[in-house]
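I have placed the structure first, in the form of structure tokens, so that the comments after it can refer back to it.
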Amino acid sequence: MSTAGETWTVSEPPVTAAVATAAESTDPERTPPAVRPGAVDPVKALMRRHHELCERAVDPLEIAAGLEAQGLTDRAAARFRHRDVFSLAEEMYARAPRDADRPPSPPGPVDGPRRPRAWAVVALLPGALCAATLLGVRSTAGDSRLAVAVLGALTVVLGLGAALRRGPLSAPAHRGSAALRTATCWLLAYALCGDGLLRAALDGGPGGPVPAATAPALALALACGPAAWCAGLFAGQARRRLAASRGLKEFTSAVTPLLLGALALYGGALTALLALCAALLQKPAAGAGAGALGMLLLLARLLTVHGVRRAPAAALATAAAFEATALASVFAARLPGCGSLAAPVRALTDALGTNAVPALACAPAALALLIHASRALTRASAHARPPAPTGPGPRHREGRPRGGPPPTP
């Protein structure tokens with residue numbers, strides 16, 4: 001453009017850091033309305049960066065969840081001339097080009113407890129198989145009892161795997177799946193035989209078979225059903241809140257009580273099952289160790305299902321390492337000059353019993369995961385899509401999309 005044959009060029013003014021990372025090229029087909037010469041449209045630049053998210057979104061809150069997943073906060077939204085992330089998402093949704101002939105995709109299915117599905121039956125498999133195994137062990141003797149116990153343990157593991165592959169507790173495989181499975185198997189094995197082995201080691205043994213804690217093992221197996229039901233209740237209600245909310249803060253305020261309520265329901269069901277199994281099997285009460293382990297496993301699974309993986313892996317590994325260290329220190333104390341290694345574990349068990357070891361291992365880890373879950377699972381980005389996709393791995397990891405830019409400061 002010129003006034004007297006002179007050509008002058010409009011140069012872009014400095015753009016904020018958030019816009020600079022989003023802007024890559026100029027769209028020749030869409031020009032922002034009412035933009036004066038020399039000005040930039042930061043929303044348009046952001047839309048170019050997230051054009052796939054804008055085109056496939058079925059409502060503004062889905063765009064807001066995607067932006068939140070990348071770390072864009074209400075303060076950062078002010079750089080795009082909006083008061084919060086949701087109002088920015090509303091403009092992006094309104095301006096996004098869509099195929100008029102293609103109907104909007106329906107929201108994800110809700111696997112709530114009011115719509116029974118096949119997973120509800122599969123979730124009961126571990127408890128049913130564990131109960132059948134205990135009945136088989138009690139009705140046999142000698143080598144047959146050992147064979148029944150081994151075969152029953154394998155079937156319970158297979159049933160647990162089936163319960164974790166379907167329904168609200170299912171999650172796609174990822175890089176840390178093997179570590180999670182290893183830590184989980186150790187914690188469950190310790191719940192079955194750890195206390196008996198620790199007591200025998202402290203008494204100078206084991207000189208024979210280690211007694212198994214059948215009551216807590218049966219209760220934890222039966223608790224798979226309530227765990228799946230509570231996870232489905234939380235996921236279904238959270239997605240309903242996601243569709244009804246008009247802002248990210250409103251959604252967080254509505255989902256926090258849902259999370260705590262689902263955990264409280266599961267805790268009550270697990271406590272009742274522990275007491276019931278102890279009474280039916282005529283065993284002493286399992287104590288706090290099995291209850292803390294059950295809560296730890298549910299929190300870890302909820303976070304994994306919703307895309308958070310590092311925290312559950314770290315919590316389960318820490319609890320397993322604590323139990324392994326306590327057990328190893330007792331055996332290591334038998335080496336010459338190492339008798340003092342067992343002193344802390346002996347003092348703890350003499351004061352509180354052998355069940356104090358799994359309680360101290362699992363309770364702090366469960367509390368840490370609860371604090372983490374109160375932040376991670378109350379974000380809209382954790383529920384923008386159904387928590388158990390059937391395709392490849394999730395689009396993001398712990399709130400950051402794969403290959404996306406670093407969080408906006």
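Just so we're on the same page: first chain in the structure tokens is A, next is B, and so on; residues restart at 1 for each chain, and ligands are numbered from 1 in the order they show up.
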
Could you make a table, as a tab-separated table, of the residues of range 131-195 of chain A that have an atom within 10 Å of an atom of range 290-294 of chain A, each with its nearest atom pair and distance in Å to one decimal, counting only C-alpha atoms, in chain and number order?
```
residue	atom	partner	partner_atom	distance
A:Thr184	CA	A:Leu293	CA	9.7
A:Leu187	CA	A:Leu293	CA	7.7
A:Leu188	CA	A:Leu293	CA	8.4
A:Ala191	CA	A:Ala290	CA	6.8
A:Leu192	CA	A:Ala290	CA	9.7
```

Write the residues of the preceding selection, restricted to N, CA, C and O atoms, as a PDB file, in the first residue's frame.
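Final file, selection09.pdb:
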```
ATOM      1  N   THR A 184       2.491 -54.264  41.364  1.00  0.00           N
ATOM      2  CA  THR A 184       1.182 -54.726  41.830  1.00  0.00           C
ATOM      3  C   THR A 184       1.225 -56.185  42.246  1.00  0.00           C
ATOM      4  O   THR A 184       0.661 -56.559  43.290  1.00  0.00           O
ATOM      5  N   LEU A 187       2.918 -56.487  45.644  1.00  0.00           N
ATOM      6  CA  LEU A 187       2.070 -56.041  46.748  1.00  0.00           C
ATOM      7  C   LEU A 187       0.982 -57.063  47.055  1.00  0.00           C
ATOM      8  O   LEU A 187       0.666 -57.318  48.226  1.00  0.00           O
ATOM      9  N   LEU A 188       0.389 -57.652  46.026  1.00  0.00           N
ATOM     10  CA  LEU A 188      -0.644 -58.659  46.254  1.00  0.00           C
ATOM     11  C   LEU A 188      -0.039 -59.929  46.847  1.00  0.00           C
ATOM     12  O   LEU A 188      -0.648 -60.568  47.728  1.00  0.00           O
ATOM     13  N   ALA A 191       0.569 -59.311  50.441  1.00  0.00           N
ATOM     14  CA  ALA A 191      -0.679 -59.352  51.205  1.00  0.00           C
ATOM     15  C   ALA A 191      -1.095 -60.777  51.503  1.00  0.00           C
ATOM     16  O   ALA A 191      -1.725 -61.051  52.540  1.00  0.00           O
ATOM     17  N   LEU A 192      -0.739 -61.726  50.628  1.00  0.00           N
ATOM     18  CA  LEU A 192      -1.112 -63.118  50.833  1.00  0.00           C
ATOM     19  C   LEU A 192      -0.157 -63.836  51.777  1.00  0.00           C
ATOM     20  O   LEU A 192      -0.591 -64.552  52.691  1.00  0.00           O
TER      21      LEU A 192
END
```

- Task: Determine, counting only C-alpha atoms, which protein, DNA and RNA residues have an atom within 12 Å of an atom of Leu303 in chain A; residues of the same chain fewer than 6 positions away are not included. Present the result as JSON, numbers by chain.
- Result: {"A": [168, 169, 170, 171, 231, 235, 259, 296, 297, 309, 310, 311, 312, 313, 315, 366, 369, 370, 371, 372, 373, 374, 375, 376, 377, 378, 379, 382, 383, 387, 388, 397, 398, 399]}

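In this comparison, which uses only C-alpha atoms, the residue of A:Ala356, A:Leu220, A:Leu46, A:Cys277 approaching Leu72 in chain A most closely is A:Leu46.
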
- Item | DSSP-assigned alpha helix (DSSP H) members of range 129-366 of chain A, reported as a PyMOL selection string | chain A and resi 129-138+143-165+177-189+195-202+214-222+224-244+248-280+288-305+310-332+343-352+356-366

- Selected residue of minimal separation from Ala179 in chain A among A:Ala269, A:Leu242, A:Ala317, A:Leu280, counting only C-alpha atoms: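 Nearest candidate to Ala179 in chain A out of A:Ala269, A:Leu242, A:Ala317, A:Leu280: A:Ala317.
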
- Item | For Gln282 in chain A, the nearest of the candidates A:Ala244, A:Ala141, A:Ala213, A:Ala238, counting only C-alpha atoms |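 Of A:Ala244, A:Ala141, A:Ala213, A:Ala238, the one nearest Gln282 in chain A is A:Ala213, counting only C-alpha atoms.
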
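If you look at CA of Val137 in chain A and CA of Leu327 in chain A, they are 26.8 Å away from each other.
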
- Task: Could you please determine the separation between CA of His82 in chain A and CA of Pro42 in chain A in Å, to one decimal place?
- Result: 10.6 Å

- Non-local contacts of Ala163 in chain A (9 Å; only C-alpha atoms; under 2 positions in same chain excluded) as a list in words: Trp119, Ala120, Val121, Val122, Ala123, Leu124, Leu125, Pro126, Leu158, Gly159, Leu160, Gly161, Arg165, Arg166, Gly167, Leu169, Ser170, Cys224, Gly225 and Ala228 of chain A

- Message: DSSP on the backbone: which residues in range 184-409 of chain A end up as strand (DSSP E)? Give the answer as a ChimeraX atom specification.
- Response: /A:396-397,400-401

How close does range 184-228 of chain A get to range 132-135 of chain A? List, as a tab-separated table, each residue of range 184-228 of chain A within 12 Å, its nearest atom pair and the distance in Å to one decimal, counting only C-alpha atoms.
```
residue	atom	partner	partner_atom	distance
A:Ala212	CA	A:Leu134	CA	11.0
A:Ala213	CA	A:Leu134	CA	11.3
A:Thr214	CA	A:Leu134	CA	7.8
A:Ala215	CA	A:Leu134	CA	9.8
A:Ala217	CA	A:Leu134	CA	10.1
A:Leu218	CA	A:Leu134	CA	8.5
A:Ala221	CA	A:Thr133	CA	11.6
A:Leu222	CA	A:Ala132	CA	11.9
```

Those residues you just picked out, can you put them in a file as a PDB file, in the first residue's frame with all heavy atoms?
```
ATOM      1  N   ALA A 212      -0.713 -68.549  54.956  1.00  0.00           N
ATOM      2  CA  ALA A 212      -1.218 -67.536  54.024  1.00  0.00           C
ATOM      3  C   ALA A 212      -2.363 -66.766  54.664  1.00  0.00           C
ATOM      4  O   ALA A 212      -3.186 -67.329  55.392  1.00  0.00           O
ATOM      5  CB  ALA A 212      -1.687 -68.182  52.726  1.00  0.00           C
ATOM      6  N   ALA A 213      -2.420 -65.475  54.384  1.00  0.00           N
ATOM      7  CA  ALA A 213      -3.504 -64.612  54.864  1.00  0.00           C
ATOM      8  C   ALA A 213      -4.648 -64.692  53.860  1.00  0.00           C
ATOM      9  O   ALA A 213      -4.763 -63.863  52.944  1.00  0.00           O
ATOM     10  CB  ALA A 213      -3.009 -63.178  55.038  1.00  0.00           C
ATOM     11  N   THR A 214      -5.481 -65.697  54.012  1.00  0.00           N
ATOM     12  CA  THR A 214      -6.538 -65.930  53.028  1.00  0.00           C
ATOM     13  C   THR A 214      -7.668 -64.910  53.110  1.00  0.00           C
ATOM     14  O   THR A 214      -8.281 -64.583  52.089  1.00  0.00           O
ATOM     15  CB  THR A 214      -7.101 -67.346  53.210  1.00  0.00           C
ATOM     16  OG1 THR A 214      -7.525 -67.521  54.575  1.00  0.00           O
ATOM     17  CG2 THR A 214      -6.038 -68.381  52.881  1.00  0.00           C
ATOM     18  N   ALA A 215      -7.956 -64.422  54.308  1.00  0.00           N
ATOM     19  CA  ALA A 215      -9.076 -63.480  54.458  1.00  0.00           C
ATOM     20  C   ALA A 215      -8.836 -62.175  53.704  1.00  0.00           C
ATOM     21  O   ALA A 215      -9.692 -61.749  52.915  1.00  0.00           O
ATOM     22  CB  ALA A 215      -9.354 -63.218  55.940  1.00  0.00           C
ATOM     23  N   ALA A 217      -6.792 -61.686  51.228  1.00  0.00           N
ATOM     24  CA  ALA A 217      -6.683 -62.000  49.797  1.00  0.00           C
ATOM     25  C   ALA A 217      -8.064 -62.149  49.177  1.00  0.00           C
ATOM     26  O   ALA A 217      -8.334 -61.637  48.076  1.00  0.00           O
ATOM     27  CB  ALA A 217      -5.869 -63.273  49.608  1.00  0.00           C
ATOM     28  N   LEU A 218      -8.959 -62.846  49.849  1.00  0.00           N
ATOM     29  CA  LEU A 218     -10.313 -63.003  49.332  1.00  0.00           C
ATOM     30  C   LEU A 218     -11.046 -61.669  49.289  1.00  0.00           C
ATOM     31  O   LEU A 218     -11.757 -61.368  48.315  1.00  0.00           O
ATOM     32  CB  LEU A 218     -11.084 -64.002  50.196  1.00  0.00           C
ATOM     33  CG  LEU A 218     -12.549 -64.241  49.818  1.00  0.00           C
ATOM     34  CD1 LEU A 218     -12.662 -64.761  48.388  1.00  0.00           C
ATOM     35  CD2 LEU A 218     -13.204 -65.207  50.800  1.00  0.00           C
ATOM     36  N   ALA A 221      -9.829 -59.622  46.355  1.00  0.00           N
ATOM     37  CA  ALA A 221     -10.336 -60.159  45.091  1.00  0.00           C
ATOM     38  C   ALA A 221     -11.802 -59.797  44.897  1.00  0.00           C
ATOM     39  O   ALA A 221     -12.223 -59.395  43.798  1.00  0.00           O
ATOM     40  CB  ALA A 221     -10.149 -61.670  45.054  1.00  0.00           C
ATOM     41  N   LEU A 222     -12.592 -59.926  45.960  1.00  0.00           N
ATOM     42  CA  LEU A 222     -14.002 -59.558  45.867  1.00  0.00           C
ATOM     43  C   LEU A 222     -14.187 -58.056  45.655  1.00  0.00           C
ATOM     44  O   LEU A 222     -15.192 -57.627  45.093  1.00  0.00           O
ATOM     45  CB  LEU A 222     -14.740 -59.993  47.137  1.00  0.00           C
ATOM     46  CG  LEU A 222     -14.903 -61.498  47.349  1.00  0.00           C
ATOM     47  CD1 LEU A 222     -15.470 -61.776  48.740  1.00  0.00           C
ATOM     48  CD2 LEU A 222     -15.791 -62.108  46.277  1.00  0.00           C
TER      49      LEU A 222
END
```
